[in-house]
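Here's query-v2.txt, which has compact mmCIF, C-alpha atoms and all ligand atoms:
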# COMPACT_ATOMS: atom_id res chain seq x y z
CA MET A 1 0.00 0.00 0.00
CA ALA A 2 1.27 3.47 -0.89
CA VAL A 3 2.48 5.60 2.03
CA ASN A 4 1.34 9.22 2.20
CA LEU A 5 4.29 11.64 2.04
CA LYS A 6 2.26 14.85 1.54
CA GLY A 7 3.50 17.73 3.69
CA LYS A 8 6.75 15.99 4.68
CA SER A 9 10.12 17.69 4.26
CA PHE A 10 13.00 15.86 2.57
CA LEU A 11 16.14 16.82 4.50
CA THR A 12 18.03 13.52 4.82
CA LEU A 13 17.46 9.90 3.72
CA LYS A 14 18.02 8.89 7.34
CA ASP A 15 14.49 10.13 8.17
CA PHE A 16 12.70 8.03 5.52
CA SER A 17 11.73 4.37 5.70
CA ARG A 18 12.65 1.92 2.97
CA GLU A 19 8.99 1.80 1.92
CA GLU A 20 8.87 5.58 1.57
CA LEU A 21 12.09 5.65 -0.46
CA GLU A 22 10.80 2.78 -2.63
CA GLN A 23 7.69 4.82 -3.33
CA ILE A 24 9.81 7.78 -4.48
CA LEU A 25 11.80 5.48 -6.80
CA PHE A 26 8.60 3.96 -8.18
CA GLN A 27 7.13 7.42 -8.80
CA GLY A 28 10.39 8.48 -10.53
CA GLU A 29 10.21 5.46 -12.85
CA LYS A 30 6.55 6.20 -13.62
CA LEU A 31 7.08 9.90 -14.30
CA LYS A 32 10.09 9.15 -16.52
CA ILE A 33 7.98 6.79 -18.66
CA GLU A 34 5.19 9.38 -18.84
CA HIS A 35 7.69 12.11 -19.78
CA TYR A 36 9.03 10.07 -22.69
CA GLY A 37 5.46 9.24 -23.67
CA GLY A 38 4.88 12.99 -24.02
CA LYS A 39 2.40 13.30 -21.16
CA ASP A 40 3.77 14.96 -18.05
CA GLU A 41 0.84 15.14 -15.63
CA PRO A 42 0.35 18.64 -14.13
CA LEU A 43 0.92 17.38 -10.59
CA LEU A 44 2.08 20.83 -9.37
CA ASN A 45 -0.55 22.80 -11.27
CA GLY A 46 -0.92 26.32 -9.82
CA LYS A 47 1.81 25.78 -7.23
CA SER A 48 4.83 28.06 -6.79
CA ILE A 49 8.06 26.59 -5.45
CA ALA A 50 11.02 28.69 -4.22
CA VAL A 51 14.36 27.17 -5.28
CA ILE A 52 17.08 28.86 -3.21
CA PHE A 53 20.85 28.70 -3.69
CA GLU A 54 23.57 29.68 -1.21
CA LYS A 55 26.10 27.82 -3.37
CA PRO A 56 26.73 27.36 -7.12
CA SER A 57 24.84 24.67 -9.05
CA THR A 58 24.20 23.54 -12.62
CA ARG A 59 22.37 20.18 -12.48
CA THR A 60 20.31 20.83 -9.37
CA ARG A 61 19.26 24.32 -10.43
CA VAL A 62 18.24 23.32 -13.95
CA SER A 63 16.66 19.96 -13.09
CA PHE A 64 14.50 21.43 -10.31
CA ALA A 65 13.42 24.41 -12.43
CA VAL A 66 12.56 22.19 -15.41
CA ALA A 67 10.89 19.56 -13.19
CA ILE A 68 8.60 22.15 -11.58
CA HIS A 69 7.81 23.73 -14.96
CA GLU A 70 7.03 20.35 -16.60
CA LEU A 71 4.69 19.48 -13.72
CA GLY A 72 2.76 22.72 -14.28
CA GLY A 73 4.18 24.69 -11.34
CA PHE A 74 6.17 27.92 -11.16
CA PRO A 75 9.87 27.65 -10.17
CA LEU A 76 11.02 30.81 -8.40
CA VAL A 77 14.82 30.44 -8.54
CA LEU A 78 16.56 32.67 -5.97
CA GLU A 79 20.20 33.33 -5.09
CA THR A 80 20.77 34.26 -1.46
CA THR A 81 23.22 36.91 -2.69
CA ASN A 82 20.19 38.78 -4.06
CA MET A 83 17.97 38.23 -1.00
CA GLN A 84 17.75 40.20 2.25
CA MET A 85 19.43 37.20 3.95
CA LYS A 86 22.63 38.60 2.45
CA ARG A 87 22.02 41.75 4.56
CA GLY A 88 21.30 39.82 7.72
CA GLU A 89 17.60 38.89 7.61
CA THR A 90 17.32 35.73 9.67
CA VAL A 91 16.45 32.34 8.22
CA PRO A 92 13.30 32.08 10.42
CA ASP A 93 12.02 35.48 9.20
CA THR A 94 12.81 34.55 5.60
CA ALA A 95 11.03 31.22 6.05
CA ARG A 96 7.95 32.79 7.68
CA THR A 97 7.70 35.20 4.73
CA LEU A 98 8.23 32.60 1.99
CA GLY A 99 5.66 30.31 3.59
CA ARG A 100 3.00 32.99 2.89
CA TYR A 101 3.80 32.96 -0.86
CA VAL A 102 4.91 29.50 -1.97
CA GLN A 103 3.76 25.91 -1.50
CA GLY A 104 7.26 24.43 -1.16
CA ILE A 105 10.93 25.37 -0.72
CA VAL A 106 13.93 23.68 -2.33
CA ALA A 107 17.23 24.91 -0.87
CA ARG A 108 20.97 24.40 -1.40
CA VAL A 109 22.71 25.63 1.72
CA PHE A 110 25.90 25.28 3.73
CA ALA A 111 24.42 24.15 7.07
CA GLN A 112 21.80 21.44 7.62
CA LYS A 113 20.46 23.69 10.42
CA THR A 114 19.39 26.25 7.78
CA LEU A 115 17.16 23.59 6.20
CA GLU A 116 15.71 22.67 9.58
CA GLU A 117 14.91 26.33 10.26
CA LEU A 118 13.33 26.74 6.83
CA ARG A 119 11.17 23.68 7.58
CA ASP A 120 10.28 24.73 11.12
CA TYR A 121 9.31 28.33 10.31
CA SER A 122 7.87 28.22 6.76
CA GLY A 123 5.04 25.74 7.33
CA VAL A 124 5.61 24.24 3.85
CA PRO A 125 7.65 21.18 2.78
CA VAL A 126 11.39 21.84 2.40
CA ILE A 127 13.61 19.77 0.08
CA ASN A 128 17.38 19.53 0.59
CA ALA A 129 19.16 20.39 -2.67
CA LEU A 130 22.54 19.78 -0.93
CA SER A 131 23.94 20.76 2.43
CA ASP A 132 27.32 20.11 4.04
CA TYR A 133 25.69 17.08 5.71
CA SER A 134 23.81 15.40 2.89
CA HIS A 135 22.70 15.35 -0.75
CA PRO A 136 19.58 13.17 -0.64
CA CYS A 137 18.02 14.09 -4.02
CA GLN A 138 21.32 13.21 -5.71
CA ILE A 139 21.43 9.76 -4.17
CA MET A 140 17.76 9.05 -4.94
CA GLY A 141 18.51 9.84 -8.61
CA ASP A 142 21.57 7.59 -8.35
CA LEU A 143 19.55 4.70 -6.90
CA LEU A 144 17.07 5.10 -9.75
CA THR A 145 20.00 4.88 -12.20
CA ILE A 146 21.41 1.78 -10.50
CA LYS A 147 17.99 0.11 -10.60
CA GLU A 148 17.71 0.87 -14.31
CA LYS A 149 21.18 -0.50 -15.08
CA LYS A 150 21.23 -3.51 -12.73
CA GLY A 151 17.54 -4.34 -12.32
CA LYS A 152 17.79 -4.28 -8.51
CA LEU A 153 19.52 -2.65 -5.53
CA GLU A 154 19.59 -5.33 -2.84
CA GLY A 155 22.82 -7.31 -2.58
CA LEU A 156 24.85 -5.07 -4.89
CA LYS A 157 28.27 -3.88 -3.78
CA PHE A 158 28.11 -0.07 -3.86
CA THR A 159 31.59 1.40 -3.44
CA TYR A 160 32.31 5.08 -2.91
CA LEU A 161 35.91 6.29 -3.13
CA GLY A 162 37.20 9.59 -1.77
CA ASP A 163 36.24 12.13 0.85
CA GLY A 164 33.69 11.14 3.51
CA ASN A 165 31.48 14.07 2.56
CA ASN A 166 27.77 14.84 2.14
CA VAL A 167 27.49 12.52 -0.88
CA ALA A 168 29.17 9.67 1.03
CA ASN A 169 26.77 10.24 3.94
CA SER A 170 23.74 9.96 1.67
CA ILE A 171 25.14 6.83 0.00
CA LEU A 172 25.58 5.32 3.47
CA PHE A 173 21.98 6.12 4.45
CA GLY A 174 20.38 5.21 1.10
CA GLY A 175 22.43 2.12 0.28
CA SER A 176 22.09 0.63 3.76
CA LYS A 177 18.30 1.07 3.75
CA PHE A 178 18.08 -0.93 0.49
CA GLY A 179 20.21 -3.90 1.62
CA MET A 180 23.29 -2.94 -0.40
CA ILE A 181 26.90 -3.77 0.49
CA VAL A 182 27.99 -0.19 1.06
CA THR A 183 31.75 0.30 1.06
CA ILE A 184 33.53 3.60 1.59
CA GLY A 185 37.22 3.76 0.66
CA GLY A 186 39.26 6.80 1.59
CA PRO A 187 42.35 7.95 3.47
CA SER A 188 42.67 7.92 7.22
CA GLY A 189 41.23 11.10 8.67
CA PHE A 190 38.73 11.57 5.82
CA GLU A 191 36.26 8.82 6.72
CA PRO A 192 32.58 9.69 7.20
CA LYS A 193 31.65 10.74 10.73
CA SER A 194 31.06 7.91 13.21
CA ASP A 195 27.41 8.85 13.93
CA VAL A 196 26.60 8.52 10.21
CA VAL A 197 28.42 5.17 9.95
CA GLU A 198 26.73 3.83 13.10
CA ALA A 199 23.27 4.86 11.83
CA ALA A 200 23.97 3.21 8.46
CA LYS A 201 25.11 -0.01 10.18
CA LYS A 202 21.80 -0.15 12.05
CA PHE A 203 19.85 0.33 8.80
CA ALA A 204 21.97 -2.42 7.17
CA GLU A 205 21.25 -4.83 10.04
CA LYS A 206 17.54 -4.39 9.35
CA SER A 207 17.78 -4.59 5.55
CA GLY A 208 20.29 -7.45 5.28
CA GLY A 209 22.97 -5.16 3.82
CA SER A 210 26.36 -4.25 5.24
CA VAL A 211 28.65 -1.26 5.75
CA LEU A 212 32.44 -1.28 5.48
CA ILE A 213 34.76 1.70 5.91
CA THR A 214 38.29 1.00 4.66
CA ASN A 215 41.51 2.84 3.88
CA ASP A 216 42.45 0.20 1.28
CA PRO A 217 41.28 1.24 -2.23
CA VAL A 218 41.70 -2.25 -3.67
CA GLU A 219 39.62 -3.84 -0.89
CA ALA A 220 36.97 -1.16 -1.47
CA VAL A 221 36.72 -1.78 -5.21
CA LYS A 222 37.11 -5.59 -5.18
CA ASN A 223 34.06 -7.18 -6.89
CA ALA A 224 32.14 -3.90 -6.79
CA ASP A 225 28.98 -3.57 -8.89
CA ILE A 226 29.06 0.21 -8.63
CA VAL A 227 32.10 2.47 -8.19
CA TYR A 228 31.22 6.05 -7.31
CA THR A 229 33.37 9.10 -6.70
CA ASP A 230 33.06 12.84 -6.09
CA VAL A 231 35.41 15.82 -6.07
CA TRP A 232 38.08 15.63 -3.41
CA VAL A 233 37.62 19.22 -2.24
CA SER A 234 33.99 20.27 -1.77
CA MET A 235 32.58 23.75 -2.44
CA GLY A 236 33.90 26.26 0.06
CA GLN A 237 36.50 23.88 1.62
CA GLU A 238 40.03 25.00 2.46
CA GLY A 239 43.38 23.15 2.21
CA GLY A 240 42.82 21.75 -1.26
CA GLU A 241 46.33 20.86 -2.47
CA GLU A 242 47.37 18.94 0.64
CA LYS A 243 44.11 16.99 0.61
CA LYS A 244 44.48 16.09 -3.07
CA ASN A 245 47.86 14.41 -2.37
CA VAL A 246 46.40 12.05 0.24
CA MET A 247 43.44 11.26 -2.01
CA LEU A 248 45.60 10.16 -4.99
CA PRO A 249 45.49 6.37 -4.24
CA TYR A 250 41.67 6.57 -4.43
CA GLN A 251 41.52 7.98 -7.96
CA VAL A 252 39.06 6.02 -10.12
CA ASN A 253 41.30 4.93 -12.98
CA ARG A 254 41.47 1.89 -15.26
CA GLU A 255 44.04 0.08 -13.12
CA LEU A 256 41.95 0.33 -9.94
CA LEU A 257 38.76 -0.56 -11.81
CA GLU A 258 40.33 -3.90 -12.84
CA HIS A 259 39.48 -5.13 -9.32
CA ALA A 260 35.75 -4.46 -9.77
CA LYS A 261 33.27 -6.73 -11.56
CA GLU A 262 33.56 -6.69 -15.33
CA ASP A 263 30.12 -5.10 -15.68
CA VAL A 264 30.76 -2.47 -12.99
CA ILE A 265 29.05 0.86 -13.51
CA VAL A 266 30.99 4.04 -12.75
CA MET A 267 29.13 6.97 -11.24
CA HIS A 268 29.98 10.57 -10.36
CA CYS A 269 27.50 13.18 -9.18
CA LEU A 270 29.32 15.84 -11.25
CA PRO A 271 30.88 18.32 -11.74
CA ALA A 272 34.06 16.23 -12.08
CA HIS A 273 37.63 17.36 -11.71
CA ARG A 274 38.92 15.22 -14.54
CA GLY A 275 42.43 13.91 -13.86
CA GLU A 276 41.93 14.18 -10.10
CA GLU A 277 39.28 11.86 -8.60
CA ILE A 278 38.56 10.22 -11.99
CA THR A 279 40.46 9.87 -15.25
CA ASP A 280 39.12 10.97 -18.65
CA GLU A 281 39.47 7.38 -19.84
CA VAL A 282 37.10 6.09 -17.14
CA ILE A 283 34.53 8.88 -17.08
CA ASP A 284 34.26 8.75 -20.88
CA GLY A 285 34.59 4.95 -21.00
CA PRO A 286 32.05 2.16 -21.54
CA ASN A 287 31.32 1.57 -17.84
CA SER A 288 30.48 5.20 -17.10
CA VAL A 289 26.81 6.12 -16.61
CA VAL A 290 27.39 9.68 -15.39
CA PHE A 291 25.08 11.45 -17.86
CA ASP A 292 22.22 8.98 -17.36
CA GLU A 293 22.77 9.71 -13.68
CA ALA A 294 22.59 13.46 -14.31
CA GLU A 295 19.38 13.03 -16.32
CA ASN A 296 17.73 11.08 -13.54
CA ARG A 297 17.99 14.12 -11.26
CA LEU A 298 15.10 15.51 -13.32
CA HIS A 299 12.85 12.47 -12.96
CA ILE A 300 13.52 11.80 -9.29
CA GLN A 301 13.02 15.44 -8.38
CA LYS A 302 9.64 15.34 -10.08
CA ALA A 303 8.87 12.30 -7.93
CA ILE A 304 9.95 14.00 -4.70
CA LEU A 305 8.12 17.24 -5.49
CA SER A 306 4.90 15.54 -6.57
CA LEU A 307 4.73 13.21 -3.56
CA LEU A 308 5.61 15.80 -0.90
CA ILE A 309 3.98 19.02 -2.13
N1 LIG B 401 25.49 16.96 -8.65
C1 LIG B 401 25.08 18.22 -8.40
O1 LIG B 401 24.46 18.53 -7.37
O2 LIG B 401 25.40 19.09 -9.40
P1 LIG B 401 25.32 20.67 -9.30
O3 LIG B 401 26.28 21.10 -8.22
O4 LIG B 401 25.72 21.16 -10.66
O5 LIG B 401 23.92 21.04 -8.96
Would you write out, as structure tokens, the structure that this file holds?
Ligand code: CP
Amino acid sequence: MAVNLKGKSFLTLKDFSREELEQILFQGEKLKIEHYGGKDEPLLNGKSIAVIFEKPSTRTRVSFAVAIHELGGFPLVLETTNMQMKRGETVPDTARTLGRYVQGIVARVFAQKTLEELRDYSGVPVINALSDYSHPCQIMGDLLTIKEKKGKLEGLKFTYLGDGNNVANSILFGGSKFGMIVTIGGPSGFEPKSDVVEAAKKFAEKSGGSVLITNDPVEAVKNADIVYTDVWVSMGQEGGEEKKNVMLPYQVNRELLEHAKEDVIVMHCLPAHRGEEITDEVIDGPNSVVFDEAENRLHIQKAILSLLI
């Protein structure tokens, strides 16, 4: 039976049950088929959605704006640099104001707390378009892509290589809820935070999956069905050059990929720093699905918007 997600905010995958996440994936698959059949249903007809950015974005900005438009809504895309927040208006006051105008808020922010304040004070559903803690819409689009390519999620070895960042956190939450063998490979000192890992281990216990954090890139990639990476230095981070040196053994290149399954798929949330976390040969090679992955942001965001708002 379908679960009702109307009115809920989407801040982290940790807060959603497997059944709820399955419903979002199912809706994404359905809306993608309808889109290619030339009949996008106007599921957001007459609704205005604020899409706010504290940080740069290409995929998220465009896919949310197009998704809202194709569902019959109005995407109001805002940069915080052009809002009164830039001059010190508080997040609660901004949220209370926006809640009088729009039926939903999508926001890319630095701090997860900003999303929580937007949710608590606006009175409308808030969708996380990336924070320093998590990137849940990205990983839902990625799970949709994996399902399309592999026909299932459960039991697949899902390896992430690199920094234990917001993307890694969401892979841990999402993969562990779906019974995947989630493996994070990265250098000592750059592992995901222990509270995230512990939460993911609990989800894996329930789903029949597993979670491994390792500093050995070969162990991480061995027999992987999916190898995923992200930039080594996230937006706004300091100390880039030093960090890049310790990340070098985790570069997704042809030699390392030899340890994965022959039919491994290679994923990257993009934008990529080609020649750093991934080589041109791999990202442009036959195992790469990065642009299918980028496309699925559109379909999954339609699913999230239409189920929550
Ligand atoms: N993957 C992703 O969030 O891309 P953008 O930063 O371009 O939105």
Given all atoms listed in the file, how would the per-residue table for chain A near ligand LIG 401 (chain B) read, listing every residue at most 10 Å away with its closest atom pair and distance in Å to one decimal, sorted by chain and number, as CSV?
residue,atom,partner,partner_atom,distance
A:Phe53,CA,B:LIG401,O5,9.8
A:Lys55,CA,B:LIG401,O3,8.3
A:Pro56,CA,B:LIG401,O3,6.4
A:Ser57,CA,B:LIG401,O5,3.7
A:Thr58,CA,B:LIG401,O4,3.4
A:Arg59,CA,B:LIG401,O4,3.9
A:Thr60,CA,B:LIG401,O5,3.6
A:Arg61,CA,B:LIG401,O5,5.9
A:Val62,CA,B:LIG401,O5,7.9
A:Ser63,CA,B:LIG401,O5,8.4
A:Phe64,CA,B:LIG401,O5,9.5
A:Arg108,CA,B:LIG401,O5,8.8
A:Ala129,CA,B:LIG401,O1,7.3
A:Leu130,CA,B:LIG401,O1,6.8
A:His135,CA,B:LIG401,O1,7.6
A:Pro136,CA,B:LIG401,O1,9.9
A:Cys137,CA,B:LIG401,O1,8.5
A:Gln138,CA,B:LIG401,N1,6.3
A:Ile139,CA,B:LIG401,N1,9.4
A:Gly141,CA,B:LIG401,N1,10.0
A:Val167,CA,B:LIG401,N1,9.2
A:Asp230,CA,B:LIG401,N1,9.0
A:Met235,CA,B:LIG401,O3,9.0
A:His268,CA,B:LIG401,N1,8.0
A:Cys269,CA,B:LIG401,N1,4.3
A:Leu270,CA,B:LIG401,N1,4.8
A:Pro271,CA,B:LIG401,O4,6.0
A:Ala272,CA,B:LIG401,N1,9.3
A:Glu293,CA,B:LIG401,N1,9.2
A:Ala294,CA,B:LIG401,N1,7.3
A:Arg297,CA,B:LIG401,N1,8.4
Please produce a file of the residues just selected, as a PDB file, in the coordinates of the input, where the atoms kept are C-alpha atoms.
ATOM      1  CA  PHE A  53      20.850  28.700  -3.690  1.00  0.00           C
ATOM      2  CA  LYS A  55      26.100  27.820  -3.370  1.00  0.00           C
ATOM      3  CA  PRO A  56      26.730  27.360  -7.120  1.00  0.00           C
ATOM      4  CA  SER A  57      24.840  24.670  -9.050  1.00  0.00           C
ATOM      5  CA  THR A  58      24.200  23.540 -12.620  1.00  0.00           C
ATOM      6  CA  ARG A  59      22.370  20.180 -12.480  1.00  0.00           C
ATOM      7  CA  THR A  60      20.310  20.830  -9.370  1.00  0.00           C
ATOM      8  CA  ARG A  61      19.260  24.320 -10.430  1.00  0.00           C
ATOM      9  CA  VAL A  62      18.240  23.320 -13.950  1.00  0.00           C
ATOM     10  CA  SER A  63      16.660  19.960 -13.090  1.00  0.00           C
ATOM     11  CA  PHE A  64      14.500  21.430 -10.310  1.00  0.00           C
ATOM     12  CA  ARG A 108      20.970  24.400  -1.400  1.00  0.00           C
ATOM     13  CA  ALA A 129      19.160  20.390  -2.670  1.00  0.00           C
ATOM     14  CA  LEU A 130      22.540  19.780  -0.930  1.00  0.00           C
ATOM     15  CA  HIS A 135      22.700  15.350  -0.750  1.00  0.00           C
ATOM     16  CA  PRO A 136      19.580  13.170  -0.640  1.00  0.00           C
ATOM     17  CA  CYS A 137      18.020  14.090  -4.020  1.00  0.00           C
ATOM     18  CA  GLN A 138      21.320  13.210  -5.710  1.00  0.00           C
ATOM     19  CA  ILE A 139      21.430   9.760  -4.170  1.00  0.00           C
ATOM     20  CA  GLY A 141      18.510   9.840  -8.610  1.00  0.00           C
ATOM     21  CA  VAL A 167      27.490  12.520  -0.880  1.00  0.00           C
ATOM     22  CA  ASP A 230      33.060  12.840  -6.090  1.00  0.00           C
ATOM     23  CA  MET A 235      32.580  23.750  -2.440  1.00  0.00           C
ATOM     24  CA  HIS A 268      29.980  10.570 -10.360  1.00  0.00           C
ATOM     25  CA  CYS A 269      27.500  13.180  -9.180  1.00  0.00           C
ATOM     26  CA  LEU A 270      29.320  15.840 -11.250  1.00  0.00           C
ATOM     27  CA  PRO A 271      30.880  18.320 -11.740  1.00  0.00           C
ATOM     28  CA  ALA A 272      34.060  16.230 -12.080  1.00  0.00           C
ATOM     29  CA  GLU A 293      22.770   9.710 -13.680  1.00  0.00           C
ATOM     30  CA  ALA A 294      22.590  13.460 -14.310  1.00  0.00           C
ATOM     31  CA  ARG A 297      17.990  14.120 -11.260  1.00  0.00           C
TER      32      ARG A 297
END
- Option closest in space to Gly46 (chain A), from A:Ile309, A:Met247, A:Pro192, A:Tyr121 [counting all atoms listed in the file]: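 Nearest to Gly46 (chain A): A:Ile309.
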- Message: Need the shell around region 39-45 of chain A: protein/DNA/RNA residues with any atom at most 6 Å away, counting all atoms listed in the file. Skip same-chain ones fewer than 3 positions apart. Format as number ranges by chain?
- Response: A: 34-35, 71-73, 306
Selection export as a short mmCIF file (atom, residue, chain, number, x, y, z; two decimals), keeping the file's coordinate frame, atoms kept: C-alpha atoms:
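And here is the file that came out, result11.cif:
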data_model
loop_
_atom_site.label_atom_id
_atom_site.label_comp_id
_atom_site.auth_asym_id
_atom_site.auth_seq_id
_atom_site.Cartn_x
_atom_site.Cartn_y
_atom_site.Cartn_z
CA GLU A 34 5.19 9.38 -18.84
CA HIS A 35 7.69 12.11 -19.78
CA LEU A 71 4.69 19.48 -13.72
CA GLY A 72 2.76 22.72 -14.28
CA GLY A 73 4.18 24.69 -11.34
CA SER A 306 4.90 15.54 -6.57
#
- Just the residues within 9 Å of His259 (chain A), please, counting only C-alpha atoms, with nothing from its chain fewer than 2 positions along; format it as a ChimeraX atom specification. /A:218-219,221-224,255-257,261-262
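Proximity of A:Thr145, A:Thr80, A:Asn166, A:Gln237 to Thr94 (chain A), computed with all atoms listed in the file, is greatest for A:Thr80.
Compared by their closest atoms to Ile68 (chain A), and using only C-alpha atoms, the residues A:Val126, A:Tyr133, A:Ile49, A:Lys147 rank with A:Ile49 nearest.
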- Would you mind reading off the distance between CA of Asp225 (chain A) and CA of Val264 (chain A), one decimal, in Å?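 CA of Val264 (chain A) lies 4.6 Å from CA of Asp225 (chain A).
With only C-alpha atoms as the basis for measurement, A:Arg18 is the residue among A:Lys86, A:Leu25, A:Val51, A:Arg18 that approaches Ala204 (chain A) most closely.
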- Selected residue of minimal separation from Lys206 (chain A) among A:Asn4, A:Thr81, A:Arg254, A:Met180, counting all atoms listed in the file: A:Met180
- Message: Please determine, counting only C-alpha atoms, which residue among A:Asn82, A:Ser48, A:Asn287, A:Thr12 has the shortest atom-to-atom distance to Met140 (chain A).
- Response: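 Comparing A:Asn82, A:Ser48, A:Asn287, A:Thr12 against Met140 (chain A), the winner is A:Thr12.
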